[in-house]
Every structure is written in C-alpha cells, then in structure tokens.
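Peer 1: Take a look at the following structure, please.
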Amino acid sequence: MAVLRNYKICDNAKECGGIAACPTGALSWDEEKETIVIDNKKCVSCGACENSCPIGALRVAYTDEEYERINEEIEKDPRTIKDLFVDRYGAEPLSEFFMINADEIETKVSEGITIVECYEEETIQCLIKSIPIKEITATMPKDTQFFKTEATDEIKEKYDITILPSLLLFKNKEYLGKVEGYYQVDQQEELIAKIKEIIS
C-alpha cells in the first residue's frame, strides 16, 4: 500500500539501499532537491526497501490501519534529526571541521594522540549505525585530535591500507599502526579496545 520513512533516523543519503532494492522506482533520489523521494503510486508493497534498510527507517504499510499505526510510531519517536547529524566514523562527513586533504596528514599530526580516518565514498555507511567521533575520542586523552580524509592511492600505499574505512593512529607525531574496516555502534567497545591497544 505505502512506504513510510522515519526522517528522524534516516540520513537521507543518495546511496540508500532502499532505492537500489526497489523494483518499481517508487523510491528514488531527487538530484535537484537532494533528497529521497517516495512515489507510493508506484509502490507494490513488496517490502524490498524495508528489508534493505539496516536501521529500520523505511517501513511498508499493507493496510490503512497499519499506515496510521506506523505513522503514529514515527511521530512519537523521541529521537530528533539533531541526534543523528553528528560526525561519525565510517559515515559521510557532515562538517568541514574534521576534514583535511590526504597530503596534510603529516602536518596535522601533533603531540599527543592523533587519529586520522581514511575513507572512500563507496565505504560510507548510514549515520545512525555508525559510531560518533565524540564517543571514540571521549575515551582518549583530552588533547586527542581526530581528522577525516579521502584515501588516495599514495596514502593507501604509504600506510599499507587494504580495507576502508581505516583509522591511522599517531602518538607524539609517530605513526603507531591502524585499525581497518567498518565498526558499527554495537562494536564500539571492540573498536576502542583496538585503538587503545595500539596507542598504549
């Protein structure tokens, strides 16, 4: 009958898996408005979009009653877009604050701990299932710095990066090692433990 999207937890990414999964084009990306568009006239209620959304932001209603119930659940959801839109490891950069060019890595590394996230556009994940940067750095010394950069071939070769995203770890301007691969929210403790093992 209809697809509903919980805007409170959806990062509205062009790479939305629901768009890719939809067989009828009921979900699409509007280049001009830069947003996900739902055309429920095209929806056949197959559930492919719902199954492809890892965070449950897309829901399919099969009856009017179900539509009303889901819509009410979305309205009562206490989360806000403000909670979602914070910079996170493995997710699309939101602010320029953390961004540096790959050739700036060595000049940005300073005394104390410096963490540099290297990523490629294809490795970007949903915001809501990604670990906020502030939660990673909260467990580190107060002067810890965190930067994000798009990985170049030179950087991947220099630091022997095979899996993106990857965290390059520096202490007192010395490169200590890296943590490779994406870690989602429920793996936060595992990621932090790996970081601490390298920098200790």
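Chain labels run A, B, ... following the order of the structure tokens; each chain numbers its residues from 1, and ligands are numbered from 1 in the order shown.
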Considering only C-alpha atoms, return as a list in words whatever protein or nucleic-acid residues lie within 8 Å of A:Cys43, sequence-local ones (same chain, fewer than 3 positions apart) excluded.
Peer 2: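 The neighbour list is Met1, Ala2, Val3, Thr24, Gly25, Ala26, Asp39, Asn40 and Cys46 of chain A.
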Peer 1: What are the closest atom pairs, with distances in Å to one decimal, for all residues of stretch 34-57 of chain A lying within 12 Å of stretch 116-129 of chain A? Consider only C-alpha atoms, order rows by chain and residue number, and present the result as CSV.
Peer 2:
```
residue,atom,partner,partner_atom,distance
A:Ser52,CA,A:Cys126,CA,11.9
A:Cys53,CA,A:Cys126,CA,9.3
A:Pro54,CA,A:Lys129,CA,8.0
A:Ile55,CA,A:Lys129,CA,6.9
A:Gly56,CA,A:Ile128,CA,10.2
A:Ala57,CA,A:Ile128,CA,9.8
```
Peer 1: Write the residues of the selection above to a file with N, CA and C atoms, as an mmCIF file, in the first residue's frame.
Peer 2:
```cif
data_model
loop_
_atom_site.group_PDB
_atom_site.id
_atom_site.type_symbol
_atom_site.label_atom_id
_atom_site.label_comp_id
_atom_site.auth_asym_id
_atom_site.auth_seq_id
_atom_site.Cartn_x
_atom_site.Cartn_y
_atom_site.Cartn_z
ATOM 1 N N SER A 52 15.999 -3.889 3.088
ATOM 2 C CA SER A 52 17.348 -3.416 2.766
ATOM 3 C C SER A 52 17.816 -2.285 3.671
ATOM 4 N N CYS A 53 16.917 -1.730 4.466
ATOM 5 C CA CYS A 53 17.286 -0.612 5.347
ATOM 6 C C CYS A 53 17.812 -1.161 6.673
ATOM 7 N N PRO A 54 19.111 -0.990 6.955
ATOM 8 C CA PRO A 54 19.690 -1.598 8.157
ATOM 9 C C PRO A 54 19.259 -0.942 9.461
ATOM 10 N N ILE A 55 18.610 0.214 9.378
ATOM 11 C CA ILE A 55 18.254 0.932 10.597
ATOM 12 C C ILE A 55 16.749 1.001 10.838
ATOM 13 N N GLY A 56 15.969 0.449 9.929
ATOM 14 C CA GLY A 56 14.523 0.438 10.108
ATOM 15 C C GLY A 56 13.841 1.760 9.834
ATOM 16 N N ALA A 57 14.465 2.617 9.024
ATOM 17 C CA ALA A 57 13.859 3.914 8.709
ATOM 18 C C ALA A 57 12.763 3.791 7.658
#
```
Peer 1: Which residue is closest to A:Tyr182? Choose from A:Arg59, A:Arg69, A:Arg88, A:Lys108 and count only C-alpha atoms.
Peer 2: A:Arg88
Peer 1: I need the residues in chain A that are strand (DSSP E or B) according to DSSP; give them as a VMD selection string.
Peer 2: chain A and resid 2 to 5 27 to 30 35 to 38 58 to 61 88 to 89 91 99 113 to 119 125 130 to 132 145 to 150 166 to 171 174 to 180 184
Peer 1: Quick one: everything within 10 Å of A:Val60, counting only C-alpha atoms, minus sequence neighbours fewer than 6 positions away in the same chain. Send it as a PyMOL selection string.
Peer 2: chain A and resi 1-5+43-51+66-67+70
Peer 1: What does the file look like for those residues with C-alpha atoms, as a PDB file, in the first residue's frame?
Peer 2:
```pdb
ATOM      1  CA  MET A   1       0.000   0.000   0.000  1.00  0.00           C
ATOM      2  CA  ALA A   2       2.594   2.595   1.038  1.00  0.00           C
ATOM      3  CA  VAL A   3       6.156   3.189   2.179  1.00  0.00           C
ATOM      4  CA  LEU A   4       6.822   5.485   5.130  1.00  0.00           C
ATOM      5  CA  ARG A   5      10.219   6.934   6.009  1.00  0.00           C
ATOM      6  CA  CYS A  43       4.767   1.007  -4.676  1.00  0.00           C
ATOM      7  CA  VAL A  44       3.705  -2.645  -4.903  1.00  0.00           C
ATOM      8  CA  SER A  45       4.310  -3.302  -1.176  1.00  0.00           C
ATOM      9  CA  CYS A  46       6.972  -5.920  -1.863  1.00  0.00           C
ATOM     10  CA  GLY A  47       8.941  -4.958   1.255  1.00  0.00           C
ATOM     11  CA  ALA A  48      12.323  -4.925  -0.537  1.00  0.00           C
ATOM     12  CA  CYS A  49      13.126  -1.398   0.688  1.00  0.00           C
ATOM     13  CA  GLU A  50      12.205  -2.244   4.275  1.00  0.00           C
ATOM     14  CA  ASN A  51      14.407  -5.355   4.204  1.00  0.00           C
ATOM     15  CA  GLU A  66      -1.069  -0.257   9.628  1.00  0.00           C
ATOM     16  CA  TYR A  67      -0.231   3.022   7.882  1.00  0.00           C
ATOM     17  CA  ILE A  70       3.425   3.261  11.732  1.00  0.00           C
TER      18      ILE A  70
END
```
Peer 1: Where does DSSP see alpha helix (DSSP H) in stretch 1-190 of chain A, if you list the residues as a ChimeraX atom specification?
Peer 2: /A:17-21,48-52,64-76,81-84,105-108,133-137,153-158,188-190
Peer 1: Can you write just those residues out, N, CA and C atoms, as a CSV table (one decimal), in the first residue's frame?
Peer 2:
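Writing done, so here's out38.csv:
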```csv
chain,number,residue,atom,x,y,z
A,17,GLY,N,20.1,2.1,0.4
A,17,GLY,CA,19.9,0.7,-0.1
A,17,GLY,C,18.4,0.5,-0.5
A,18,GLY,N,17.5,1.2,0.0
A,18,GLY,CA,16.1,1.1,-0.3
A,18,GLY,C,15.9,1.5,-1.8
A,19,ILE,N,16.6,2.5,-2.2
A,19,ILE,CA,16.4,3.0,-3.6
A,19,ILE,C,16.9,1.9,-4.6
A,20,ALA,N,18.1,1.3,-4.2
A,20,ALA,CA,18.7,0.2,-5.0
A,20,ALA,C,17.8,-1.0,-5.1
A,21,ALA,N,17.1,-1.3,-4.0
A,21,ALA,CA,16.3,-2.5,-3.9
A,21,ALA,C,15.0,-2.4,-4.5
A,48,ALA,N,10.9,-4.9,-0.2
A,48,ALA,CA,12.3,-4.9,-0.5
A,48,ALA,C,13.1,-3.8,0.1
A,49,CYS,N,12.5,-2.6,0.1
A,49,CYS,CA,13.1,-1.4,0.7
A,49,CYS,C,13.3,-1.6,2.2
A,50,GLU,N,12.2,-2.0,2.8
A,50,GLU,CA,12.2,-2.2,4.3
A,50,GLU,C,13.3,-3.2,4.7
A,51,ASN,N,13.4,-4.3,3.9
A,51,ASN,CA,14.4,-5.4,4.2
A,51,ASN,C,15.8,-4.9,4.0
A,52,SER,N,16.0,-3.9,3.1
A,52,SER,CA,17.3,-3.4,2.8
A,52,SER,C,17.8,-2.3,3.7
A,64,ASP,N,-4.6,0.5,5.7
A,64,ASP,CA,-4.8,1.8,6.2
A,64,ASP,C,-4.5,1.9,7.7
A,65,GLU,N,-4.9,0.8,8.5
A,65,GLU,CA,-4.7,0.8,9.9
A,65,GLU,C,-3.2,0.7,10.2
A,66,GLU,N,-2.5,-0.1,9.4
A,66,GLU,CA,-1.1,-0.3,9.6
A,66,GLU,C,-0.4,1.1,9.3
A,67,TYR,N,-0.8,1.7,8.3
A,67,TYR,CA,-0.2,3.0,7.9
A,67,TYR,C,-0.4,4.0,9.0
A,68,GLU,N,-1.5,4.1,9.6
A,68,GLU,CA,-1.8,5.0,10.7
A,68,GLU,C,-0.9,4.6,12.0
A,69,ARG,N,-0.8,3.3,12.2
A,69,ARG,CA,0.0,2.9,13.4
A,69,ARG,C,1.5,3.2,13.2
A,70,ILE,N,2.0,3.0,12.0
A,70,ILE,CA,3.4,3.3,11.7
A,70,ILE,C,3.7,4.8,11.8
A,71,ASN,N,2.7,5.5,11.2
A,71,ASN,CA,2.9,7.0,11.2
A,71,ASN,C,2.9,7.5,12.6
A,72,GLU,N,2.0,7.0,13.5
A,72,GLU,CA,2.0,7.4,14.9
A,72,GLU,C,3.3,7.0,15.6
A,73,GLU,N,3.8,5.8,15.3
A,73,GLU,CA,5.1,5.4,15.9
A,73,GLU,C,6.2,6.4,15.5
A,74,ILE,N,6.2,6.8,14.3
A,74,ILE,CA,7.2,7.8,13.8
A,74,ILE,C,7.1,9.1,14.5
A,75,GLU,N,5.8,9.6,14.6
A,75,GLU,CA,5.6,10.9,15.3
A,75,GLU,C,6.0,10.8,16.8
A,76,LYS,N,5.8,9.7,17.4
A,76,LYS,CA,6.2,9.5,18.8
A,76,LYS,C,7.6,9.2,19.1
A,81,ILE,N,16.5,14.8,14.5
A,81,ILE,CA,17.5,14.8,13.4
A,81,ILE,C,18.8,15.3,14.0
A,82,LYS,N,18.7,16.2,15.0
A,82,LYS,CA,19.9,16.7,15.7
A,82,LYS,C,20.8,15.6,16.3
A,83,ASP,N,20.1,14.6,16.8
A,83,ASP,CA,20.8,13.4,17.4
A,83,ASP,C,21.5,12.6,16.3
A,84,LEU,N,21.0,12.6,15.1
A,84,LEU,CA,21.5,11.8,14.1
A,84,LEU,C,22.7,12.5,13.4
A,105,ILE,N,48.2,15.1,6.2
A,105,ILE,CA,48.2,14.2,7.4
A,105,ILE,C,49.4,14.5,8.2
A,106,GLU,N,50.6,14.5,7.7
A,106,GLU,CA,51.8,14.6,8.5
A,106,GLU,C,51.9,16.0,9.1
A,107,THR,N,51.3,17.0,8.5
A,107,THR,CA,51.4,18.3,9.1
A,107,THR,C,50.4,18.5,10.2
A,108,LYS,N,49.3,17.7,10.2
A,108,LYS,CA,48.3,17.9,11.2
A,108,LYS,C,48.6,17.0,12.5
A,133,ILE,N,32.1,10.2,16.4
A,133,ILE,CA,33.5,10.5,16.7
A,133,ILE,C,33.7,10.9,18.2
A,134,LYS,N,32.8,11.7,18.7
A,134,LYS,CA,32.9,12.2,20.1
A,134,LYS,C,32.9,11.1,21.1
A,135,GLU,N,32.3,9.9,20.7
A,135,GLU,CA,32.3,8.8,21.6
A,135,GLU,C,33.6,8.0,21.6
A,136,ILE,N,34.3,8.1,20.4
A,136,ILE,CA,35.6,7.5,20.3
A,136,ILE,C,36.6,8.3,21.1
A,137,THR,N,36.6,9.6,20.8
A,137,THR,CA,37.6,10.5,21.5
A,137,THR,C,37.3,10.7,23.0
A,153,ASP,N,45.6,6.9,-3.5
A,153,ASP,CA,46.4,5.7,-3.8
A,153,ASP,C,47.7,5.8,-3.0
A,154,GLU,N,48.3,7.0,-2.9
A,154,GLU,CA,49.5,7.3,-2.2
A,154,GLU,C,49.4,6.9,-0.8
A,155,ILE,N,48.3,7.4,-0.1
A,155,ILE,CA,48.1,7.2,1.3
A,155,ILE,C,47.9,5.7,1.6
A,156,LYS,N,47.1,5.0,0.7
A,156,LYS,CA,46.9,3.6,0.9
A,156,LYS,C,48.2,2.8,0.8
A,157,GLU,N,49.0,3.2,-0.1
A,157,GLU,CA,50.3,2.5,-0.3
A,157,GLU,C,51.2,2.8,0.9
A,158,LYS,N,51.3,4.1,1.3
A,158,LYS,CA,52.2,4.5,2.3
A,158,LYS,C,51.9,3.8,3.7
A,188,GLN,N,31.3,-0.7,19.2
A,188,GLN,CA,32.1,0.5,19.7
A,188,GLN,C,33.2,0.1,20.7
A,189,GLU,N,32.9,-0.7,21.6
A,189,GLU,CA,33.9,-1.1,22.7
A,189,GLU,C,35.0,-1.9,22.0
A,190,GLU,N,34.7,-2.7,21.0
A,190,GLU,CA,35.7,-3.5,20.3
A,190,GLU,C,36.7,-2.6,19.6
```
Peer 1: Write out as a list of chain:residue names the residues lying within 9 Å of A:Lys178, counting only C-alpha atoms and excluding same-chain residues fewer than 2 positions away.
Peer 2: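 Returned residues: A:Tyr159, A:Ile161, A:Ser166, A:Leu167, A:Leu168, A:Leu169, A:Phe170, A:Tyr175, A:Leu176, A:Glu180, A:Ile195, A:Ile198.
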Peer 1: Quick one: residues within 8 Å of A:Val37, only C-alpha atoms, excluding same-chain residues fewer than 6 positions away - as JSON, numbers by chain?
Peer 2: {"A": [26, 27, 28, 29, 30]}
Peer 1: Keeping only N, CA and C atoms, write those residues as a PDB file, in the first residue's frame.
Peer 2:
```
ATOM      1  N   ALA A  26       9.673   3.243  -6.963  1.00  0.00           N
ATOM      2  CA  ALA A  26       8.858   4.005  -6.014  1.00  0.00           C
ATOM      3  C   ALA A  26       9.746   4.863  -5.113  1.00  0.00           C
ATOM      4  N   LEU A  27      10.952   4.387  -4.861  1.00  0.00           N
ATOM      5  CA  LEU A  27      11.952   5.171  -4.140  1.00  0.00           C
ATOM      6  C   LEU A  27      12.996   5.636  -5.142  1.00  0.00           C
ATOM      7  N   SER A  28      13.318   6.912  -5.082  1.00  0.00           N
ATOM      8  CA  SER A  28      14.333   7.449  -5.984  1.00  0.00           C
ATOM      9  C   SER A  28      15.035   8.618  -5.324  1.00  0.00           C
ATOM     10  N   TRP A  29      16.106   9.074  -5.967  1.00  0.00           N
ATOM     11  CA  TRP A  29      16.875  10.208  -5.462  1.00  0.00           C
ATOM     12  C   TRP A  29      16.592  11.407  -6.351  1.00  0.00           C
ATOM     13  N   ASP A  30      16.170  12.499  -5.759  1.00  0.00           N
ATOM     14  CA  ASP A  30      15.903  13.732  -6.497  1.00  0.00           C
ATOM     15  C   ASP A  30      17.175  14.583  -6.467  1.00  0.00           C
TER      16      ASP A  30
END
```
Peer 1: Here is a test: counting only C-alpha atoms, which residue of A:Asp160, A:Ser200, A:Phe147, A:Thr152 is nearest to A:Asn172?
Peer 2: A:Ser200
Peer 1: Contacts of A:Met140 at 9 Å or less, counting only C-alpha atoms, minus same-chain residues fewer than 4 places along, as a short mmCIF file (atom, residue, chain, number, x, y, z; two decimals) with C-alpha atoms, in the first residue's frame?
Peer 2:
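New file result-v1.cif:
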```
data_model
loop_
_atom_site.label_atom_id
_atom_site.label_comp_id
_atom_site.auth_asym_id
_atom_site.auth_seq_id
_atom_site.Cartn_x
_atom_site.Cartn_y
_atom_site.Cartn_z
CA ILE A 113 47.15 11.26 20.13
CA ILE A 136 35.60 7.48 20.32
CA THR A 144 43.30 13.84 21.18
CA LYS A 196 43.92 1.67 22.89
#
```
Peer 1: Report, in Å with one decimal, the straight-line distance from atom CA of A:Gln187 to atom CA of A:Glu111.
Peer 2: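 Computed distance, atom CA of A:Gln187 to atom CA of A:Glu111, equals 28.1 Å.
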